[in-house]
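Chemist: Just passing along the structure, written as structure tokens.
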Protein chains: 2
Amino acid sequence: MTSTEPKSVSGGVLAARGFVGAGVACGIKGGDTLDLVLIHCPQPCAAAATVTTNRMRSVTCDITEQNLADGTARTVVANSGNANACTGAEGARNARRMAELAAEVTGVAPEEVVVCSTGAIGVQLPMEKIEAGIREAGERLAPDRPDEVARAIMTTDTVPKQSAYEVETGGRTVRVGGICKGAGMIEPRMATMLCFISTDAVIEAPLLRETLRDCVDLSFNRISVDGSRSTNDTVAILANGQAGNAPIQVGAPEAEAFRAALLQVTTDLAQMIVRDGEGTSKFIEIKVTGARDEAEAEQLARAVANYALVKTAVFGGDFNWGRIAAAVGAAGVDFERDEIEISLAGIKVWADGEPQPFDGYAAEAAMQEQDVSVEMAFCRGDGAATMWAADLTLDYVKFNADREHKPGAQTT
Amino acid sequence: MTSTEPKSVSGGVLAARGFVGAGVACGIKGGDTLDLVLIHCPQPCAAAATVTTNRMRSVTCDITEQNLADGTARTVVANSGNANACTGAEGARNARRMAELAAEVTGVAPEEVVVCSTGAIGVQLPMEKIEAGIREAGERLAPDRPDEVARAIMTTDTVPKQSAYEVETGGRTVRVGGICKGAGMIEPRMATMLCFISTDAVIEAPLLRETLRDCVDLSFNRISVDGSRSTNDTVAILANGQAGNAPIQVGAPEAEAFRAALLQVTTDLAQMIVRDGEGTSKFIEIKVTGARDEAEAEQLARAVANYALVKTAVFGGDFNWGRIAAAVGAAGVDFERDEIEISLAGIKVWADGEPQPFDGYAAEAAMQEQDVSVEMAFCRGDGAATMWAADLTLDYVKFNADREHKPGAQTT
């Protein structure tokens with residue numbers, strides 16, 4: 001066994017050797033608010049991405065998917081404040097132009113660029129500002145600006161989100177680090193919000209792609225702020241091989257070590273998105289065990305994660321276990337009432353088809369904690385899944401009922 | 001052609017000849033708040049019901065389903081303030097006892113009783129109060145108390161909900177009338193909240209069942225207040241044949257006339273539930289046309305009806321069409337961006353894969369109306385569906401975050 005547990009390190013998306021980045025304020029958001037980011041590696045990289053399955057997705061997702069079809073990329077360009085979604089032919093021209101400009105300033109081919117946008121839907125990009133921003137970012141590229149890069153992709157996020165780990169594989173230390181943004185319109189399902197990850201591991205594109213998909217499924221695809229899948233969700237990873245480890249092989253212990261580090265990064269980032277969800281006041285962990293398979297477990301957990309009356313009860317600190325029962329009963333999974341055990345905040349409330357006695361004062365106290373757990377145990381198989389959800393708060397509704405945007409605009 | 005358009009009449013669930021009812025305050029809710037209802041017909045009735053598909057459903061749904069398996073029933077007993085859901089063996093005994101008591105006071109067999117409960121989940125029924133209430137209601141039964149009956153099944157509803165129509169079939173006037181309650185935990189899907197309908201039509205149970213299912217699918221199953229399917233949803237209909245019409249035959253014009261009247265009643269009641277949803281401030285009608293089939297149209301409409309960011313935008317009066325695009329794109333239906341036309345509040349915003357120009361002031365003004373329409377037109381078939389949804393408001397969150405219940409209690 002050559003692998004060890006992943007160890008947290010600083011440096012975010014620039015923690016891995018050989019990557020440089022920059023964030024600039026190009027004026028999309030106005031003032032000196034950072035709103036454009038460039039991440040680059042001068043060496044060739046294996047690359048992979050998952051993008052949203054939303055049918056009205058941004059044209060940037062189309063281009064990113066096309067550019068990564070060959071498993072390589074060296075540059076990421078992204079803006080916040082404008083999603084370049086539902087923008088038609090002009091939007092497509094603008095997205096291609098962004099990729100060309102990023103390619104020009106980093107000395108790569110346009111096909112080696114991952115291009116992303118996040119922000120208002122249905123509004124054209126201000127291309128003069130974007131062009132000036134990309135040129136400025138190109139001149140600022142450096143390995144020591146991870147915080148600036150993390151800040152520049154924020155929209156309604158209140159804190160930047162980054163995570164990096166290192167792990168030993170084959171006698172070398174491999175680093176994996178990433179940044180992401182979230183806040184609203186969050187139930188990624190088949191992809192995620194914007195997330196950029198870099199690693200210096202030596203790993204080929206097919207295994208990188210498979211490992212990324214696996215880790216995204218267990219992290220970003222297991223969170224829900226508001227059950228709303230966005231038009232722009234993208235996770236991209238670049239691997240530049242600067243760690244000099246022996247190439248990671250499918251099925252080898254090194255592959256498991258790399259997966260563990262990547263999963264730790266994606267899980268950290270996914271949980272940060274929930275904790276910083278629009279208006280979020282509580283963090284709900286929903287755990288299902290003993291389901292027929294993982295898909296069934298996820299379906300049961302997701303039903304509770306998105307049930308408005310569970311989310312408002314958690315917000316209100318109400319030990320309202322009947323809503324958990326109603327939520328899981330409506331999950332679309334066939335089961336009998338005596339097949340499930342339910343615990344809320346660590347207190348068993350339902351078992352053997354009967355409500356369970358509990359101490360009401362202890363229950364009320366447990367609901368005042370920042371983190372609230374929901375556990376649902378079946379005995380029909382070994383399918384298990386964990387989801388992380390935000391509560392539904394007055395601030396969420398206030399924030400999203402606010403006419404802060406011009407007609408036709410929307411923040412993804 | 002022997003049928004005419006259904007005509008609205010007064011009398012609610014007691015509009016049809018031969019039905020009597022009563023509502024009493026038995027003390028579940030406290031004070032003089034009506035909380036128990038009895039509806040009865042001395043003559044034999046054909047009967048049908050649809051109940052929730054929630055797997056944690058109330059035992060009352062089990063009993064109602066069993067009792068209606070033979071297509072007959074003559075008495076409905078229902079209480080509000082307590083759902084008798086997640087109450088185990090004691091709850092099952094109590095539900096059976098309720099049916100026995102209702103049978104006793106109305107002189108029918110227990111198997112001829114529809115028994116329903118709505119209110120807090122996980123709390124045992126106060127059987128002494130229930131028993132006294134059923135006896136009192138039995139003595140009060142009369143044909144002229146529809147308002148009292150409609151009030152007695154309310155929980156968090158702010159207004160009673162009733163509707164009745166008459167229609168000519170075969171030279172006779174047939175009446176169909178009903179009551180329902182709604183407010184929260186509303187996305188019935190395969191059934192609905194509590195709804196009781198009576199008719200004096202001569203119609204056999206199989207056709208009655210089929211017509212009810214059809215009308216429920218197009219009315220109660222097309223509304224969403226909060227995307228939360230409850231544990232107790234039940235719609236029941238009794239047909240006592242007192243109109244003396246020639247028996248309604250499958251496929252005959254009379255069957256269409258009867259269906260039209262029943263659909264009018266269920267649609268009226270379903271829309272009343274949305275307008276009186278917990279915290280509802282606006283009524284959203286979502287219309288899909290040109291989908292491959294009705295199921296696809298419904299899936300597309302439902303995705304918009306339940307998208308939190310559409311519901312908060314409507315609450316805020318924000319002409320935020322990008323959120324409609326994001327919502328329908330995440331519906332799980334495969335389509336291309338240029339296959340859909342979207343209109344919001346009567347204003348076309350997306351067509352031919354391009355955003356459409358519109359007058360921003362007119363758009364903002366249109367969003368201030370009480371009713372807001374969303375239209376989505378495809379050209380892939382003749383599948384159409386309409387859904388009705390409530391907005392997501394501060395009052396909804398306030399109401400449902402309130403710890404007004406004792407630990408373990410919940411209002412369905």
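Quick note on naming: the chains in the structure tokens go A, B, ... in the order shown, residues restart at 1 in each chain, and ligands are numbered from 1 in order of appearance.
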Could you give me, as number ranges by chain, the residues within 9 Å of Val114 (chain B), counting only C-alpha atoms and dropping anything in the same chain fewer than 2 positions from it?
Modeler: B: 49, 60-61, 63-65, 67-68, 73-78, 99, 110-112, 116, 236
Chemist: At a cut-off of 7 Å, which residues of chain A touch chain B? Count only C-alpha atoms and give the answer as an NGL selection string.
Modeler: :A and (54-56 or 86-88 or 121-122 or 226 or 228-231 or 307-309 or 312-313 or 315-316 or 318-323 or 325-326 or 329-330 or 334-337 or 353-355 or 360 or 393-394 or 397-398 or 400-403 or 407-410)
Chemist: Counting only C-alpha atoms, what is within 12 Å of Glu5 (chain A), bar same-chain residues fewer than 5 positions away, as a list in words?
Modeler: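 Listed by chain and then number, they are Tyr165, Glu166, Val167, Glu168, Thr169, Thr173, Val174, Pro253, Glu254, Glu256, Ala257, Phe258, Arg259, Ala260, Ala261, Leu262, Leu263 and Gln264 of chain A.
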Chemist: Selection from above, C-alpha atoms, as a compact mmCIF listing (two decimals), in the first residue's frame, can you write it?
Modeler:
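Output contents, as saved in result-v7.txt:
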```txt
# COMPACT_ATOMS: atom_id res chain seq x y z
CA TYR A 165 -5.23 18.40 -0.05
CA GLU A 166 -2.04 16.48 -0.62
CA VAL A 167 -1.62 12.76 -0.63
CA GLU A 168 1.35 10.40 -1.02
CA THR A 169 1.23 8.22 -4.07
CA THR A 173 3.34 14.05 -2.89
CA VAL A 174 0.42 14.85 -5.17
CA PRO A 253 -3.79 1.84 -4.71
CA GLU A 254 -2.51 5.14 -6.14
CA GLU A 256 -7.63 5.18 -4.62
CA ALA A 257 -5.31 7.69 -2.91
CA PHE A 258 -5.87 10.25 -5.65
CA ARG A 259 -9.63 9.67 -5.53
CA ALA A 260 -9.61 10.14 -1.75
CA ALA A 261 -7.87 13.52 -2.10
CA LEU A 262 -10.15 14.67 -4.92
CA LEU A 263 -13.27 13.51 -3.04
CA GLN A 264 -12.10 15.41 0.03
```
Chemist: Of the candidates B:Ile134, B:Val250, B:Val374, B:Ile203, which shows the shortest atom-to-atom distance to Leu36 (chain B), using only C-alpha atoms?
Modeler: B:Ile134
Chemist: If you run DSSP on this backbone, which residues of region 244-382 of chain A come out as strand (DSSP E or B), and could you give them as a PyMOL selection string?
Modeler: chain A and resi 283-291+341-344+347-351+354-355+371-377
Chemist: Would you put the residues from that selection into a file with N, CA, C and O atoms, as a CSV table (one decimal), in the first residue's frame?
Modeler:
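Saved to selection_13.csv:
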```csv
chain,number,residue,atom,x,y,z
A,283,PHE,N,-27.5,23.8,8.6
A,283,PHE,CA,-26.9,22.8,7.7
A,283,PHE,C,-27.6,21.5,8.1
A,283,PHE,O,-27.5,21.0,9.2
A,284,ILE,N,-28.2,20.8,7.1
A,284,ILE,CA,-29.0,19.6,7.4
A,284,ILE,C,-28.2,18.4,6.7
A,284,ILE,O,-28.0,18.5,5.5
A,285,GLU,N,-27.8,17.4,7.5
A,285,GLU,CA,-27.2,16.2,6.9
A,285,GLU,C,-28.3,15.1,6.9
A,285,GLU,O,-28.8,14.8,7.9
A,286,ILE,N,-28.5,14.6,5.7
A,286,ILE,CA,-29.6,13.5,5.6
A,286,ILE,C,-28.9,12.2,5.2
A,286,ILE,O,-28.3,12.1,4.1
A,287,LYS,N,-29.0,11.2,6.0
A,287,LYS,CA,-28.3,10.0,5.8
A,287,LYS,C,-29.3,8.8,5.6
A,287,LYS,O,-30.2,8.6,6.5
A,288,VAL,N,-29.2,8.1,4.6
A,288,VAL,CA,-30.0,6.9,4.4
A,288,VAL,C,-29.1,5.7,4.3
A,288,VAL,O,-28.1,5.7,3.7
A,289,THR,N,-29.5,4.6,5.1
A,289,THR,CA,-28.8,3.4,5.1
A,289,THR,C,-29.8,2.2,4.8
A,289,THR,O,-31.0,2.4,5.1
A,290,GLY,N,-29.2,1.1,4.4
A,290,GLY,CA,-30.1,-0.1,4.2
A,290,GLY,C,-31.1,-0.1,3.1
A,290,GLY,O,-32.0,-0.9,3.1
A,291,ALA,N,-30.9,0.8,2.1
A,291,ALA,CA,-31.8,0.9,1.0
A,291,ALA,C,-31.4,-0.2,0.0
A,291,ALA,O,-30.3,-0.8,0.2
A,341,GLU,N,-36.8,3.2,9.9
A,341,GLU,CA,-36.6,3.8,11.2
A,341,GLU,C,-36.1,5.2,11.0
A,341,GLU,O,-35.3,5.5,10.1
A,342,ILE,N,-36.7,6.2,11.7
A,342,ILE,CA,-36.3,7.6,11.5
A,342,ILE,C,-35.8,8.2,12.8
A,342,ILE,O,-36.3,8.0,13.8
A,343,SER,N,-34.6,8.9,12.6
A,343,SER,CA,-34.1,9.6,13.7
A,343,SER,C,-33.9,11.1,13.3
A,343,SER,O,-33.5,11.4,12.2
A,344,LEU,N,-34.3,12.0,14.2
A,344,LEU,CA,-34.1,13.4,13.9
A,344,LEU,C,-33.2,14.0,15.0
A,344,LEU,O,-33.5,13.8,16.2
A,347,ILE,N,-32.3,11.6,17.7
A,347,ILE,CA,-33.3,11.1,18.5
A,347,ILE,C,-34.2,10.2,17.7
A,347,ILE,O,-34.8,10.7,16.7
A,348,LYS,N,-34.4,8.9,18.1
A,348,LYS,CA,-35.2,8.0,17.3
A,348,LYS,C,-36.7,8.4,17.5
A,348,LYS,O,-37.2,8.5,18.6
A,349,VAL,N,-37.4,8.6,16.4
A,349,VAL,CA,-38.8,9.0,16.5
A,349,VAL,C,-39.8,8.0,15.9
A,349,VAL,O,-41.0,8.0,16.2
A,350,TRP,N,-39.3,7.1,15.0
A,350,TRP,CA,-40.2,6.1,14.4
A,350,TRP,C,-39.5,4.8,14.2
A,350,TRP,O,-38.4,4.8,13.6
A,351,ALA,N,-40.1,3.7,14.6
A,351,ALA,CA,-39.5,2.4,14.4
A,351,ALA,C,-40.6,1.3,14.5
A,351,ALA,O,-41.6,1.5,15.3
A,354,GLU,N,-44.3,2.2,14.6
A,354,GLU,CA,-44.9,3.0,15.7
A,354,GLU,C,-44.1,4.2,16.0
A,354,GLU,O,-42.8,4.2,15.9
A,355,PRO,N,-44.7,5.3,16.4
A,355,PRO,CA,-44.0,6.5,16.9
A,355,PRO,C,-43.2,6.1,18.2
A,355,PRO,O,-43.7,5.3,19.0
A,371,ASP,N,-26.0,22.4,13.1
A,371,ASP,CA,-26.1,21.2,12.2
A,371,ASP,C,-27.2,20.3,12.7
A,371,ASP,O,-27.2,20.0,13.9
A,372,VAL,N,-28.1,19.9,11.8
A,372,VAL,CA,-29.2,19.0,12.2
A,372,VAL,C,-29.1,17.8,11.3
A,372,VAL,O,-29.0,17.9,10.1
A,373,SER,N,-29.2,16.6,12.0
A,373,SER,CA,-29.1,15.4,11.2
A,373,SER,C,-30.4,14.7,11.1
A,373,SER,O,-31.3,14.8,12.0
A,374,VAL,N,-30.6,14.1,9.9
A,374,VAL,CA,-31.8,13.2,9.7
A,374,VAL,C,-31.3,11.9,9.3
A,374,VAL,O,-30.5,11.8,8.3
A,375,GLU,N,-31.6,10.8,10.0
A,375,GLU,CA,-31.2,9.5,9.7
A,375,GLU,C,-32.4,8.6,9.4
A,375,GLU,O,-33.3,8.6,10.1
A,376,MET,N,-32.3,7.9,8.3
A,376,MET,CA,-33.4,7.0,7.9
A,376,MET,C,-32.8,5.6,7.6
A,376,MET,O,-32.0,5.5,6.6
A,377,ALA,N,-33.1,4.6,8.4
A,377,ALA,CA,-32.5,3.3,8.2
A,377,ALA,C,-33.5,2.3,7.7
A,377,ALA,O,-34.6,2.1,8.3
```
Chemist: Any idea what's packed within 8 Å of region 6-17 of chain B, counting only C-alpha atoms, ignoring anything in its chain fewer than 3 positions away? Could you give it as number ranges by chain?
Modeler: B: 20-21, 143-147, 150, 162-168, 174-179, 196-200, 242-243, 257, 260-261, 264
Chemist: Keeping only N, CA and C atoms, write those residues as an mmCIF file, in the first residue's frame.
Modeler:
```cif
data_model
loop_
_atom_site.group_PDB
_atom_site.id
_atom_site.type_symbol
_atom_site.label_atom_id
_atom_site.label_comp_id
_atom_site.auth_asym_id
_atom_site.auth_seq_id
_atom_site.Cartn_x
_atom_site.Cartn_y
_atom_site.Cartn_z
ATOM 1 N N VAL B 20 -77.307 14.510 3.326
ATOM 2 C CA VAL B 20 -77.383 15.336 4.531
ATOM 3 C C VAL B 20 -75.981 15.423 5.135
ATOM 4 N N GLY B 21 -75.765 16.437 5.940
ATOM 5 C CA GLY B 21 -74.442 16.602 6.536
ATOM 6 C C GLY B 21 -74.518 17.432 7.792
ATOM 7 N N PRO B 143 -80.015 18.541 5.309
ATOM 8 C CA PRO B 143 -79.581 18.849 3.945
ATOM 9 C C PRO B 143 -79.171 20.313 3.749
ATOM 10 N N ASP B 144 -79.392 21.149 4.782
ATOM 11 C CA ASP B 144 -79.193 22.596 4.575
ATOM 12 C C ASP B 144 -77.996 23.156 5.343
ATOM 13 N N ARG B 145 -76.968 22.331 5.570
ATOM 14 C CA ARG B 145 -75.818 22.813 6.330
ATOM 15 C C ARG B 145 -74.501 22.721 5.539
ATOM 16 N N PRO B 146 -74.508 23.034 4.247
ATOM 17 C CA PRO B 146 -73.258 22.836 3.492
ATOM 18 C C PRO B 146 -72.108 23.709 4.008
ATOM 19 N N ASP B 147 -72.392 24.933 4.448
ATOM 20 C CA ASP B 147 -71.316 25.820 4.892
ATOM 21 C C ASP B 147 -70.644 25.279 6.152
ATOM 22 N N ALA B 150 -68.444 22.448 5.184
ATOM 23 C CA ALA B 150 -67.227 22.932 4.519
ATOM 24 C C ALA B 150 -66.247 23.520 5.537
ATOM 25 N N GLN B 162 -66.008 25.289 -1.449
ATOM 26 C CA GLN B 162 -67.066 24.435 -1.961
ATOM 27 C C GLN B 162 -67.445 24.865 -3.371
ATOM 28 N N SER B 163 -68.008 23.926 -4.091
ATOM 29 C CA SER B 163 -68.395 24.183 -5.478
ATOM 30 C C SER B 163 -69.467 23.167 -5.860
ATOM 31 N N ALA B 164 -70.461 23.605 -6.646
ATOM 32 C CA ALA B 164 -71.486 22.673 -7.122
ATOM 33 C C ALA B 164 -71.980 23.113 -8.491
ATOM 34 N N TYR B 165 -72.289 22.148 -9.327
ATOM 35 C CA TYR B 165 -72.789 22.408 -10.676
ATOM 36 C C TYR B 165 -73.953 21.473 -10.962
ATOM 37 N N GLU B 166 -74.808 21.908 -11.886
ATOM 38 C CA GLU B 166 -75.808 20.965 -12.383
ATOM 39 C C GLU B 166 -75.697 20.918 -13.895
ATOM 40 N N VAL B 167 -76.107 19.794 -14.433
ATOM 41 C CA VAL B 167 -75.985 19.582 -15.859
ATOM 42 C C VAL B 167 -77.167 18.723 -16.300
ATOM 43 N N GLU B 168 -77.685 18.974 -17.515
ATOM 44 C CA GLU B 168 -78.791 18.167 -18.047
ATOM 45 C C GLU B 168 -78.218 16.895 -18.654
ATOM 46 N N VAL B 174 -78.840 16.680 -13.281
ATOM 47 C CA VAL B 174 -77.947 15.987 -12.346
ATOM 48 C C VAL B 174 -77.086 17.022 -11.646
ATOM 49 N N ARG B 175 -76.924 16.892 -10.338
ATOM 50 C CA ARG B 175 -76.067 17.827 -9.594
ATOM 51 C C ARG B 175 -74.820 17.120 -9.078
ATOM 52 N N VAL B 176 -73.716 17.858 -9.084
ATOM 53 C CA VAL B 176 -72.446 17.381 -8.541
ATOM 54 C C VAL B 176 -71.899 18.500 -7.670
ATOM 55 N N GLY B 177 -71.608 18.219 -6.407
ATOM 56 C CA GLY B 177 -71.084 19.261 -5.532
ATOM 57 C C GLY B 177 -70.035 18.717 -4.611
ATOM 58 N N GLY B 178 -69.115 19.574 -4.172
ATOM 59 C CA GLY B 178 -68.051 19.080 -3.300
ATOM 60 C C GLY B 178 -67.459 20.151 -2.408
ATOM 61 N N ILE B 179 -66.698 19.677 -1.415
ATOM 62 C CA ILE B 179 -65.929 20.550 -0.531
ATOM 63 C C ILE B 179 -64.509 20.018 -0.482
ATOM 64 N N PHE B 196 -64.543 15.964 -0.559
ATOM 65 C CA PHE B 196 -65.724 15.101 -0.586
ATOM 66 C C PHE B 196 -66.700 15.652 -1.613
ATOM 67 N N ILE B 197 -67.176 14.774 -2.474
ATOM 68 C CA ILE B 197 -68.069 15.175 -3.556
ATOM 69 C C ILE B 197 -69.307 14.280 -3.508
ATOM 70 N N SER B 198 -70.457 14.882 -3.741
ATOM 71 C CA SER B 198 -71.671 14.062 -3.840
ATOM 72 C C SER B 198 -72.356 14.365 -5.161
ATOM 73 N N THR B 199 -73.096 13.409 -5.646
ATOM 74 C CA THR B 199 -73.886 13.621 -6.856
ATOM 75 C C THR B 199 -75.143 12.765 -6.768
ATOM 76 N N ASP B 200 -76.199 13.257 -7.416
ATOM 77 C CA ASP B 200 -77.431 12.468 -7.447
ATOM 78 C C ASP B 200 -77.586 11.740 -8.777
ATOM 79 N N GLN B 242 -80.432 9.782 -7.092
ATOM 80 C CA GLN B 242 -81.726 10.414 -6.843
ATOM 81 C C GLN B 242 -82.192 11.309 -7.988
ATOM 82 N N ALA B 243 -81.335 11.631 -8.936
ATOM 83 C CA ALA B 243 -81.762 12.457 -10.074
ATOM 84 C C ALA B 243 -82.682 11.674 -11.003
ATOM 85 N N ALA B 257 -71.214 14.792 -20.331
ATOM 86 C CA ALA B 257 -71.857 15.881 -19.571
ATOM 87 C C ALA B 257 -71.539 15.749 -18.087
ATOM 88 N N ALA B 260 -67.995 16.667 -17.437
ATOM 89 C CA ALA B 260 -67.797 18.118 -17.511
ATOM 90 C C ALA B 260 -68.186 18.776 -16.189
ATOM 91 N N ALA B 261 -69.289 18.317 -15.602
ATOM 92 C CA ALA B 261 -69.734 18.901 -14.336
ATOM 93 C C ALA B 261 -68.758 18.551 -13.210
ATOM 94 N N GLN B 264 -65.560 20.451 -13.556
ATOM 95 C CA GLN B 264 -65.737 21.845 -13.154
ATOM 96 C C GLN B 264 -65.645 21.965 -11.628
#
```
Chemist: Apply DSSP to the structure's backbone, then extract all residues of region 176-357 of chain A labelled helix (DSSP H, G or I) and return them as a ChimeraX atom specification.
Modeler: /A:205-218,220-222,253-275,294-305,308-315,321-329,337-339
Chemist: To one decimal in Å, tell me the separation between CA of Ala205 (chain A) and CA of Thr72 (chain A).
Modeler: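 Atom-to-atom, CA of Ala205 (chain A) and CA of Thr72 (chain A) are spaced 7.4 Å apart.
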Chemist: Compare A:Met98, A:Ala25, A:Asp157, A:Cys45 by their minimum atom-to-atom distance to Gly279 (chain A), counting only C-alpha atoms, and give me the closest one.
Modeler: A:Asp157
Chemist: Could you tell me how far CA of Ile223 (chain B) sits from CA of Ala183 (chain B), in Å to one decimal place?
Modeler: 11.5 Å
Chemist: Please determine, counting only C-alpha atoms, which residue among A:Ala137, A:Ala109, A:Met193, A:Leu269 has the shortest atom-to-atom distance to Ser219 (chain A).
Modeler: A:Leu269
Chemist: So how far away is CA of Leu218 (chain A) from CA of Gly383 (chain A), in Å?
Modeler: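 Atom-to-atom, CA of Gly383 (chain A) and CA of Leu218 (chain A) are spaced 13.4 Å apart.
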